[in-house]
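J.: My questions all concern the structure below.
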Amino acid sequence: MPVRHYVTARIIDGRALGAIIEKGLTNEAEAIEKRGRAPHLVVVIVGDDAASHVYVRNKQRACERIGIKSTRHDLPSTSNPSDLIDLVDNLNKDEGVDGILVQSPLPDGFDEISITEMIDPEKDVDGFHPVNLGRIVTGKVDGLLPCTPSAVIRMLESTGERLAGKKALVVGRSRIVGMPSALLLAQKGVDATVTISHSQSQDLRRLCLDSDIIVAAVGRPGMIKSDWVKKDAIVIDVGINRVEVDGASRLVGDVEKEASERASWVTPVPGGVGPMTIAMLMRNTIKAASDRI
């Protein structure tokens, strides 16, 4: 029987990479403040979703590290959509606000897409407004990019591997991660050959085994099996799923952990895409402020 030799994949450390990006943004924030005032990010959270409150606290801490003014508006879960609409409208008009982020998910009865479309595109630091998403389609990637997809690209670039011509598979087609990730991967300068897979795709295992890059963004723990990963592929695991293991709760990704025995590079969960997404949010806030001040 032939011997199978495994080499543990190198880790794309999102925390370390994010810290480097934040250091550069700190200098930019200082320069902006000297021109008039500190960059200002406003985060709106509706309801009591525990994970959302953790994410918002992490964003606030990043603002503190960089020198971005952070304001938080908490609306109770009993709020009407009109309460949120009025708040966003006021923030759009406020010249002292550079970035607006409405934390997802919103409670039942709220139309997230409509709320997103209300935000001034120049203050849309999530990068989800149709104007900002549409710019990617036209090849313009110098604006407010969606945070997680831009994090994916930065992490791939950090490996130093040649991406041009590589077969990239995006597992998931959401407007937040999957679709914009595919668009960014196909942009000139990255030049990957992109396939998008989803719930109706046939033979996902074959698609994975044929891919040099896998971006997993479906929110299903361990959906991508370790033996689906091509030898020396790069795996970007966007999934953050809480599961119970031996009576303890822990976070796992969409890709089985054992994939690191086959891949050349992997992102950890936690500590991978999550911290980099926050770094990209900070980057967007600095960009929005720089354009306004």
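Following the order of the structure tokens, first chain is A, next is B, and so on, with residues numbered from 1 inside each chain and ligands from 1 in the order they appear.
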Taking a cut-off of 9 Å and counting only C-alpha atoms, can you build a table that, for each residue of range 237-279 of chain A near range 154-173 of chain A, reports the nearest atom pair and how far apart they are in Å (one decimal), sorted by chain then residue number, as a Markdown table?
T.:
| residue | atom | partner | partner_atom | distance |
| --- | --- | --- | --- | --- |
| A:Trp265 | CA | A:Thr159 | CA | 7.7 |
| A:Thr267 | CA | A:Met155 | CA | 8.5 |
| A:Gly272 | CA | A:Met155 | CA | 8.8 |
| A:Val273 | CA | A:Met155 | CA | 8.0 |
| A:Met276 | CA | A:Met155 | CA | 8.1 |
J.: Create the file for the chosen residues now, containing C-alpha atoms and written as a CSV table (one decimal), in the first residue's frame.
T.:
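In the end it all went to result-v1.csv:
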chain,number,residue,atom,x,y,z
A,265,TRP,CA,-2.7,27.5,3.0
A,267,THR,CA,-7.6,30.3,7.3
A,272,GLY,CA,-9.1,34.1,10.2
A,273,VAL,CA,-11.6,36.0,8.0
A,276,MET,CA,-9.8,40.8,8.6
J.: Name the residues of range 14-191 of chain A that come out as alpha helix (DSSP H) in a backbone DSSP run; write them as a PyMOL selection string.
T.: chain A and resi 14-35+50-66+81-93+112-118+130-137+147-158+178-186
J.: If you run DSSP over the backbone, which residues in range 150-261 of chain A end up strand (DSSP E or B)? Put them as a ChimeraX atom specification.
T.: /A:167-171,193-197,213-216,224,234-237,241-245,248-252,255
J.: Go ahead and write the selection's residues with C-alpha atoms as a PDB file, in the first residue's frame.
T.:
ATOM      1  CA  LYS A 167      -9.366  27.911 -10.649  1.00  0.00           C
ATOM      2  CA  ALA A 168     -11.315  29.477  -7.785  1.00  0.00           C
ATOM      3  CA  LEU A 169     -14.521  27.982  -6.390  1.00  0.00           C
ATOM      4  CA  VAL A 170     -16.849  30.153  -4.314  1.00  0.00           C
ATOM      5  CA  VAL A 171     -19.247  28.014  -2.294  1.00  0.00           C
ATOM      6  CA  THR A 193     -11.066  31.687 -13.221  1.00  0.00           C
ATOM      7  CA  VAL A 194     -14.153  31.617 -11.026  1.00  0.00           C
ATOM      8  CA  THR A 195     -16.932  29.098 -10.460  1.00  0.00           C
ATOM      9  CA  ILE A 196     -19.864  29.831  -8.145  1.00  0.00           C
ATOM     10  CA  SER A 197     -21.559  26.872  -6.485  1.00  0.00           C
ATOM     11  CA  ILE A 213      -8.757  28.042  -4.400  1.00  0.00           C
ATOM     12  CA  ILE A 214     -11.849  27.331  -2.316  1.00  0.00           C
ATOM     13  CA  VAL A 215     -13.796  30.157  -0.656  1.00  0.00           C
ATOM     14  CA  ALA A 216     -16.368  28.504   1.628  1.00  0.00           C
ATOM     15  CA  ILE A 224     -16.658  20.908   2.770  1.00  0.00           C
ATOM     16  CA  ILE A 234      -5.718  27.452  -0.792  1.00  0.00           C
ATOM     17  CA  VAL A 235      -8.755  27.327   1.502  1.00  0.00           C
ATOM     18  CA  ILE A 236     -10.459  30.494   2.722  1.00  0.00           C
ATOM     19  CA  ASP A 237     -13.063  29.479   5.298  1.00  0.00           C
ATOM     20  CA  ASN A 241     -20.585  28.192  13.190  1.00  0.00           C
ATOM     21  CA  ARG A 242     -21.197  27.447  16.853  1.00  0.00           C
ATOM     22  CA  VAL A 243     -21.492  23.720  17.589  1.00  0.00           C
ATOM     23  CA  GLU A 244     -21.639  21.521  20.670  1.00  0.00           C
ATOM     24  CA  VAL A 245     -18.732  19.078  21.022  1.00  0.00           C
ATOM     25  CA  ALA A 248     -18.817  22.227  25.158  1.00  0.00           C
ATOM     26  CA  SER A 249     -19.631  24.995  22.700  1.00  0.00           C
ATOM     27  CA  ARG A 250     -16.991  25.939  20.135  1.00  0.00           C
ATOM     28  CA  LEU A 251     -16.648  27.717  16.810  1.00  0.00           C
ATOM     29  CA  VAL A 252     -15.955  25.795  13.612  1.00  0.00           C
ATOM     30  CA  VAL A 255     -14.512  23.288   5.994  1.00  0.00           C
TER      31      VAL A 255
END
J.: Select, from A:Gly67, A:Pro268, A:Pro146, A:Pro130, the residue with the minimum atom-to-atom distance to Met280 in chain A, counting only C-alpha atoms.
T.: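 For Met280 in chain A, the nearest of the given residues is A:Pro146.
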J.: Neighbouring residues of Gly271 in chain A were defined as those with any atom within 7 Å, considering only C-alpha atoms; residues of the same chain fewer than 4 positions away were excluded. Please report them as a ChimeraX atom specification.
T.: /A:13-15,275
J.: Any chance you could export the current selection's N, CA and C atoms as an mmCIF file, in the first residue's frame?
T.:
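Result written to part01.cif:
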data_model
loop_
_atom_site.group_PDB
_atom_site.id
_atom_site.type_symbol
_atom_site.label_atom_id
_atom_site.label_comp_id
_atom_site.auth_asym_id
_atom_site.auth_seq_id
_atom_site.Cartn_x
_atom_site.Cartn_y
_atom_site.Cartn_z
ATOM 1 N N ASP A 13 -2.981 34.056 9.024
ATOM 2 C CA ASP A 13 -3.366 34.582 10.335
ATOM 3 C C ASP A 13 -4.101 35.912 10.162
ATOM 4 N N GLY A 14 -5.423 35.890 10.296
ATOM 5 C CA GLY A 14 -6.220 37.092 10.111
ATOM 6 C C GLY A 14 -5.965 38.140 11.179
ATOM 7 N N ARG A 15 -5.678 37.699 12.394
ATOM 8 C CA ARG A 15 -5.418 38.657 13.465
ATOM 9 C C ARG A 15 -4.123 39.431 13.196
ATOM 10 N N PRO A 275 -11.397 38.694 11.909
ATOM 11 C CA PRO A 275 -10.621 39.894 12.211
ATOM 12 C C PRO A 275 -10.289 40.723 10.973
#
J.: Interatomic distance between CA of Ala233 in chain A and CA of Asp212 in chain A?
T.: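 So the answer is 4.6 Å.
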J.: Per residue of range 60-97 of chain A within 9 Å of range 107-123 of chain A, record the nearest atom pair and its distance in Å to one decimal, counting only C-alpha atoms, with rows in chain order and ascending residue number, as JSON lines.
T.:
{"residue": "A:Ser77", "atom": "CA", "partner": "A:Pro107", "partner_atom": "CA", "distance": 6.7}
{"residue": "A:Thr78", "atom": "CA", "partner": "A:Pro107", "partner_atom": "CA", "distance": 9.0}
{"residue": "A:Asn80", "atom": "CA", "partner": "A:Phe110", "partner_atom": "CA", "distance": 8.1}
{"residue": "A:Pro81", "atom": "CA", "partner": "A:Phe110", "partner_atom": "CA", "distance": 5.7}
{"residue": "A:Leu84", "atom": "CA", "partner": "A:Ile115", "partner_atom": "CA", "distance": 8.2}
{"residue": "A:Ile85", "atom": "CA", "partner": "A:Ile115", "partner_atom": "CA", "distance": 7.0}
{"residue": "A:Val88", "atom": "CA", "partner": "A:Ile119", "partner_atom": "CA", "distance": 6.6}
{"residue": "A:Asp89", "atom": "CA", "partner": "A:Met118", "partner_atom": "CA", "distance": 7.5}
{"residue": "A:Leu91", "atom": "CA", "partner": "A:Ile119", "partner_atom": "CA", "distance": 8.6}
{"residue": "A:Asn92", "atom": "CA", "partner": "A:Asp120", "partner_atom": "CA", "distance": 5.9}
{"residue": "A:Lys93", "atom": "CA", "partner": "A:Asp120", "partner_atom": "CA", "distance": 9.0}
{"residue": "A:Val97", "atom": "CA", "partner": "A:Lys123", "partner_atom": "CA", "distance": 7.9}
J.: Here is a test: counting only C-alpha atoms, which residue of A:Ala186, A:Leu87, A:Ile278, A:Val269 is nearest to Ile12 in chain A?
T.: A:Val269
J.: Work out how far CA of Gly253 in chain A is from CA of Ile11 in chain A, in Å to one decimal.
T.: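 Going from CA of Ile11 in chain A over to CA of Gly253 in chain A covers 14.2 Å.
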J.: What does the structure give for the distance between CA of Gly127 in chain A and CA of Met179 in chain A, in Å to one decimal?
T.: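 It comes out at 12.8 Å.
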